[in-house]
Amino acid sequence: MKWTSSAKFLLPALLTASLSACNFEDVPNMFPEQGYTDHPQEMRDFVAGIRGYARGLKPGFFVIGHGALPLLSSNELTSGDPDDAYIRSLDGVAQDSLFYGYDGIDLPTSNSRRNSLRSYLDMARDTGNTTILVTDFAVTEQKIDNAYELNNDAGYLGFVADHTELDNIPIYPTDPYKANRRDILELAEASNFLVLTDTRLKSTRQELVDALAETDYDLIVLDFFFNGEEFTSEQVRQLQRKRNGATRLIVATVNIGNAENNRYYWKNHWASNPPNWLKEQVPDSDEQYYVNYWNPAWQDIIYGEASSYIYRIANAGFDGAYLQGLDAYEHFQN
């Protein structure tokens with residue numbers, strides 16, 4: 001196209017007039033504003049900091065991240081590339097209701113949900129040689145067997161709970177799936193596991209410890225506290241022996257995305273005068289509150305100090321931490 005001389009002079013004038021008529025406040029800002037928080041990345045960095053600190057306290061201490069599978073992807077989508085740094089900061093990734101239980105105990109999870117979750121889980125397994133731990137929920141023996149087989153075929157460790165509260169040692173199967181007499185010294189060596197995080201069915205810490213000591217699970221996930229009392233180092237050592245005499249791994253849960261008003265760090269005055277990082281109560285929860293988990297004051301409660309959660313867990317002799325509340329980033333992102 002040839003431009004006439006008059007058009008050459010007219011075009012700049014038209015552009016100037018058009019631009020002056022624009023309201024640039026209506027144009028989306030394509031760059032982060034000052035003070036912008038990348039909530040997914042802040043959670044990834046938090047997890048990496050926890051693992052680094054814990055390894056410094058106790059070489060071999062491992063970290064399992066529970067849920068929040070989109071964090072495994074660089075763009076939080078199944079189509080994204082693996083987030084290598086985050087995946088390598090996790091020794092294990094845990095997910096509930098992959099094959100059974102998402103829509104109710106004993107009910108199979110839909111194929112579409114299974115496939116979506118497995119895309120993330122396989123991303124972690126194949127990128128970082130990460131151990132995948134799946135907790136399904138079923139009561140029918142045939143479905144329990146099927147859940148274990150499906151997890152085994154996928155290359156995952158499976159545990160099938162018959163109570164959604166995770167408050168008991170399942171009656172079936174009588175012995176853990178793939179029970180063995182091997183000494184389990186690393187997460188990757190485990191062939192089975194048990195999650196028992198609600199301890200209300202037992203009267204005392206020792207009663208629970210004695211019951212668990214009569215099992216042959218390779219790995220046990222517990223709340224660090226029993227009715228507000230920490231398990232003692234002696235009790236942890238007792239738990240680290242299977243019934244058959246071989247050694248096993250004991251892991252403590254830590255909620256890093258929410259504050260809980262029944263934990264040792266909670267201050268009574270927070271209800272009326274909360275610190276600036278303590279936010280609203282989590283819906284349908286009497287105990288949990290959202291926190292600005294990227295705030296240094298909150299992170300100091302979790303790790304880095306002699307009074308911190310991770311220090312207490314490692315000092316008591318636990319082999320690893322089972323990090324919960326990772327999906328809190330979604331609350332702030334949305």
# chains A, B, ... in the order shown; residues from 1 in each chain; ligands from 1
>>> residues_around(residues="region 302-305 of chain A", least_positions_apart="5", cutoff="8 Å", atoms="only C-alpha atoms", output="JSON, numbers by chain")
{"A": [50, 53, 256, 310, 311]}
>>> write_last_selection(atoms="N, CA and C atoms", output="JSON list (two decimals), in the first residue's frame")
[["chain", "number", "residue", "atom", "x", "y", "z"],
["A", 50, "ILE", "N", 11.44, -25.55, 55.11],
["A", 50, "ILE", "CA", 11.22, -26.53, 56.17],
["A", 50, "ILE", "C", 12.13, -27.73, 55.99],
["A", 53, "TYR", "N", 15.86, -26.87, 56.72],
["A", 53, "TYR", "CA", 16.09, -26.72, 58.16],
["A", 53, "TYR", "C", 16.08, -28.07, 58.85],
["A", 256, "ILE", "N", 0.89, -26.46, 58.15],
["A", 256, "ILE", "CA", 1.68, -25.25, 57.92],
["A", 256, "ILE", "C", 0.87, -24.13, 57.27],
["A", 310, "ILE", "N", 8.80, -28.01, 63.86],
["A", 310, "ILE", "CA", 9.72, -28.96, 63.24],
["A", 310, "ILE", "C", 10.85, -29.33, 64.20],
["A", 311, "TYR", "N", 11.36, -28.36, 64.95],
["A", 311, "TYR", "CA", 12.41, -28.68, 65.92],
["A", 311, "TYR", "C", 11.90, -29.69, 66.93]]
>>> residues_around(residues="Ala68 (chain A)", least_positions_apart="4", cutoff="10 Å", atoms="only C-alpha atoms", output="list in words")
Pro40, Met43, Leu72, Glu76, Val93, Ala94, Gln95, Tyr120, Gln324, Gly325, Leu326, Asp327, Ala328, Tyr329 and Glu330 of chain A
>>> write_last_selection(atoms="C-alpha atoms", output="PDB file, in the first residue's frame")
ATOM      1  CA  PRO A  40       1.691 -20.717  45.082  1.00  0.00           C
ATOM      2  CA  MET A  43       4.021 -22.076  49.638  1.00  0.00           C
ATOM      3  CA  LEU A  72       3.784 -29.729  41.507  1.00  0.00           C
ATOM      4  CA  GLU A  76      -0.538 -25.226  38.591  1.00  0.00           C
ATOM      5  CA  VAL A  93       3.575 -36.638  48.037  1.00  0.00           C
ATOM      6  CA  ALA A  94       0.334 -37.777  49.695  1.00  0.00           C
ATOM      7  CA  GLN A  95      -3.175 -37.694  48.274  1.00  0.00           C
ATOM      8  CA  TYR A 120       0.140 -34.583  38.979  1.00  0.00           C
ATOM      9  CA  GLN A 324      -0.807 -30.449  55.822  1.00  0.00           C
ATOM     10  CA  GLY A 325      -2.588 -27.233  54.879  1.00  0.00           C
ATOM     11  CA  LEU A 326      -0.598 -26.749  51.678  1.00  0.00           C
ATOM     12  CA  ASP A 327      -3.789 -25.941  49.793  1.00  0.00           C
ATOM     13  CA  ALA A 328      -4.226 -22.750  51.851  1.00  0.00           C
ATOM     14  CA  TYR A 329      -2.636 -20.901  48.934  1.00  0.00           C
ATOM     15  CA  GLU A 330      -5.904 -21.387  47.017  1.00  0.00           C
TER      16      GLU A 330
END
>>> residues_around(residues="Tyr309 (chain A)", least_positions_apart="6", cutoff="12 Å", atoms="only C-alpha atoms", output="ChimeraX atom specification")
/A:50,53-54,223-225,230,252-256,259,263-265,298-303,315-316,318,320-323
>>> select_by_dssp(residues="region 65-234 of chain A", states="alpha helix (DSSP H)", output="ChimeraX atom specification")
/A:84-88,111-128,141-154,205-213,233-234
>>> write_last_selection(atoms="C-alpha atoms", output="mmCIF file, in the first residue's frame")
data_model
loop_
_atom_site.group_PDB
_atom_site.id
_atom_site.type_symbol
_atom_site.label_atom_id
_atom_site.label_comp_id
_atom_site.auth_asym_id
_atom_site.auth_seq_id
_atom_site.Cartn_x
_atom_site.Cartn_y
_atom_site.Cartn_z
ATOM 1 C CA ASP A 84 11.553 -29.323 39.569
ATOM 2 C CA ALA A 85 12.676 -27.281 42.579
ATOM 3 C CA TYR A 86 9.464 -27.891 44.495
ATOM 4 C CA ILE A 87 9.282 -31.574 43.628
ATOM 5 C CA ARG A 88 12.864 -32.089 44.770
ATOM 6 C CA ASN A 111 -12.294 -41.635 36.224
ATOM 7 C CA SER A 112 -11.962 -37.969 35.292
ATOM 8 C CA ARG A 113 -10.826 -37.044 38.796
ATOM 9 C CA ARG A 114 -8.541 -40.075 39.029
ATOM 10 C CA ASN A 115 -6.878 -39.155 35.748
ATOM 11 C CA SER A 116 -6.400 -35.519 36.739
ATOM 12 C CA LEU A 117 -4.853 -36.411 40.103
ATOM 13 C CA ARG A 118 -2.660 -39.082 38.563
ATOM 14 C CA SER A 119 -1.267 -36.570 36.069
ATOM 15 C CA TYR A 120 0.140 -34.583 38.979
ATOM 16 C CA LEU A 121 1.222 -37.617 41.009
ATOM 17 C CA ASP A 122 3.071 -39.158 38.080
ATOM 18 C CA MET A 123 4.726 -35.802 37.450
ATOM 19 C CA ALA A 124 6.191 -35.947 40.961
ATOM 20 C CA ARG A 125 7.080 -39.631 40.820
ATOM 21 C CA ASP A 126 8.824 -39.414 37.457
ATOM 22 C CA THR A 127 10.600 -36.084 38.018
ATOM 23 C CA GLY A 128 12.021 -36.462 41.494
ATOM 24 C CA GLU A 141 -13.250 -56.262 51.349
ATOM 25 C CA GLN A 142 -13.383 -56.520 47.552
ATOM 26 C CA LYS A 143 -13.041 -52.745 47.190
ATOM 27 C CA ILE A 144 -10.271 -52.601 49.776
ATOM 28 C CA ASP A 145 -8.354 -55.256 47.850
ATOM 29 C CA ASN A 146 -9.003 -53.416 44.591
ATOM 30 C CA ALA A 147 -7.713 -50.123 46.008
ATOM 31 C CA TYR A 148 -4.468 -51.750 47.119
ATOM 32 C CA GLU A 149 -4.042 -53.404 43.719
ATOM 33 C CA LEU A 150 -4.728 -50.181 41.813
ATOM 34 C CA ASN A 151 -2.175 -48.279 43.875
ATOM 35 C CA ASN A 152 0.389 -51.032 43.514
ATOM 36 C CA ASP A 153 -0.103 -51.146 39.726
ATOM 37 C CA ALA A 154 0.382 -47.371 39.571
ATOM 38 C CA ARG A 205 -0.778 -41.872 74.787
ATOM 39 C CA GLN A 206 0.669 -45.155 75.977
ATOM 40 C CA GLU A 207 -2.489 -47.073 75.106
ATOM 41 C CA LEU A 208 -2.191 -45.817 71.539
ATOM 42 C CA VAL A 209 1.544 -46.553 71.401
ATOM 43 C CA ASP A 210 1.003 -50.104 72.657
ATOM 44 C CA ALA A 211 -1.706 -50.729 70.048
ATOM 45 C CA LEU A 212 0.469 -49.442 67.203
ATOM 46 C CA ALA A 213 3.461 -51.441 68.451
ATOM 47 C CA SER A 233 11.245 -39.828 72.797
ATOM 48 C CA GLU A 234 10.864 -43.191 74.517
#
>>> residues_around(residues="Leu90 (chain A)", least_positions_apart="5", cutoff="8 Å", atoms="only C-alpha atoms", output="MDAnalysis selection string")
chainID A and resid 47:48 51 62:65 130
>>> closest_residue(among="A:Thr199, A:Asn261, A:Ser191, A:Ala179", to="Leu222 (chain A)", atoms="only C-alpha atoms")
A:Thr199
>>> atom_distance(atom1="CA of Arg237 (chain A)", atom2="CA of Ser307 (chain A)")
21.6 Å
>>> atom_distance(atom1="CA of Val134 (chain A)", atom2="CA of Asp83 (chain A)")
20.8 Å
>>> closest_residue(among="A:Gly92, A:Pro82, A:Gly60, A:Gly49", to="Ala314 (chain A)", atoms="only C-alpha atoms")
A:Gly60
>>> residues_around(residues="Thr135 (chain A)", least_positions_apart="3", cutoff="9 Å", atoms="only C-alpha atoms", output="ChimeraX atom specification")
/A:94-100,157-161,194-195
>>> write_last_selection(atoms="C-alpha atoms", output="mmCIF file, in the first residue's frame")
data_model
loop_
_atom_site.group_PDB
_atom_site.id
_atom_site.type_symbol
_atom_site.label_atom_id
_atom_site.label_comp_id
_atom_site.auth_asym_id
_atom_site.auth_seq_id
_atom_site.Cartn_x
_atom_site.Cartn_y
_atom_site.Cartn_z
ATOM 1 C CA ALA A 94 0.334 -37.777 49.695
ATOM 2 C CA GLN A 95 -3.175 -37.694 48.274
ATOM 3 C CA ASP A 96 -6.535 -38.809 49.644
ATOM 4 C CA SER A 97 -9.388 -40.575 47.818
ATOM 5 C CA LEU A 98 -7.604 -41.233 44.543
ATOM 6 C CA PHE A 99 -9.413 -44.484 43.794
ATOM 7 C CA TYR A 100 -12.095 -44.666 46.494
ATOM 8 C CA LEU A 157 2.010 -46.853 48.285
ATOM 9 C CA GLY A 158 -1.591 -47.436 49.276
ATOM 10 C CA PHE A 159 -3.450 -47.325 52.572
ATOM 11 C CA VAL A 160 -7.177 -48.041 52.756
ATOM 12 C CA ALA A 161 -8.946 -46.566 55.786
ATOM 13 C CA LEU A 194 -0.881 -46.344 58.181
ATOM 14 C CA VAL A 195 -2.428 -42.931 58.844
#
>>> closest_residue(among="A:Ser89, A:Asn129, A:Ser285, A:Thr164", to="Tyr102 (chain A)", atoms="only C-alpha atoms")
A:Thr164
>>> atom_distance(atom1="CA of Arg243 (chain A)", atom2="CA of Thr215 (chain A)")
5.3 Å
>>> select_by_dssp(residues="region 196-315 of chain A", states="strand (DSSP E)", output="VMD selection string")
chain A and resid 196 219 to 223 225 to 226 229 to 230 249 to 255 258 to 260 278 to 281 288 to 291
>>> write_last_selection(atoms="C-alpha atoms", output="PDB file, in the first residue's frame")
ATOM      1  CA  LEU A 196      -3.928 -42.475  62.325  1.00  0.00           C
ATOM      2  CA  LEU A 219       5.484 -46.326  58.151  1.00  0.00           C
ATOM      3  CA  ILE A 220       3.009 -44.704  60.536  1.00  0.00           C
ATOM      4  CA  VAL A 221       1.665 -41.145  60.240  1.00  0.00           C
ATOM      5  CA  LEU A 222       0.546 -39.651  63.573  1.00  0.00           C
ATOM      6  CA  ASP A 223      -0.453 -36.336  65.051  1.00  0.00           C
ATOM      7  CA  PHE A 225       0.178 -34.486  70.032  1.00  0.00           C
ATOM      8  CA  PHE A 226      -2.187 -36.722  71.980  1.00  0.00           C
ATOM      9  CA  GLU A 229       0.624 -33.873  75.039  1.00  0.00           C
ATOM     10  CA  GLU A 230       3.657 -34.563  72.875  1.00  0.00           C
ATOM     11  CA  LEU A 249       9.492 -44.989  60.187  1.00  0.00           C
ATOM     12  CA  ILE A 250       7.310 -42.691  62.306  1.00  0.00           C
ATOM     13  CA  VAL A 251       6.064 -39.419  60.833  1.00  0.00           C
ATOM     14  CA  ALA A 252       4.304 -36.470  62.517  1.00  0.00           C
ATOM     15  CA  THR A 253       1.681 -34.248  60.920  1.00  0.00           C
ATOM     16  CA  VAL A 254       2.187 -30.471  60.818  1.00  0.00           C
ATOM     17  CA  ASN A 255      -0.381 -28.003  59.518  1.00  0.00           C
ATOM     18  CA  ASN A 258      -3.527 -22.878  59.048  1.00  0.00           C
ATOM     19  CA  ALA A 259      -3.159 -21.966  62.700  1.00  0.00           C
ATOM     20  CA  GLU A 260      -5.010 -24.196  65.162  1.00  0.00           C
ATOM     21  CA  LEU A 278      -3.640 -14.373  61.684  1.00  0.00           C
ATOM     22  CA  LYS A 279      -6.731 -14.141  59.491  1.00  0.00           C
ATOM     23  CA  GLU A 280     -10.328 -15.342  59.461  1.00  0.00           C
ATOM     24  CA  GLN A 281     -11.550 -18.697  60.713  1.00  0.00           C
ATOM     25  CA  GLN A 288      -8.436 -23.642  62.281  1.00  0.00           C
ATOM     26  CA  TYR A 289      -7.652 -20.124  61.081  1.00  0.00           C
ATOM     27  CA  TYR A 290      -6.112 -18.905  57.858  1.00  0.00           C
ATOM     28  CA  VAL A 291      -2.684 -17.341  58.176  1.00  0.00           C
TER      29      VAL A 291
END
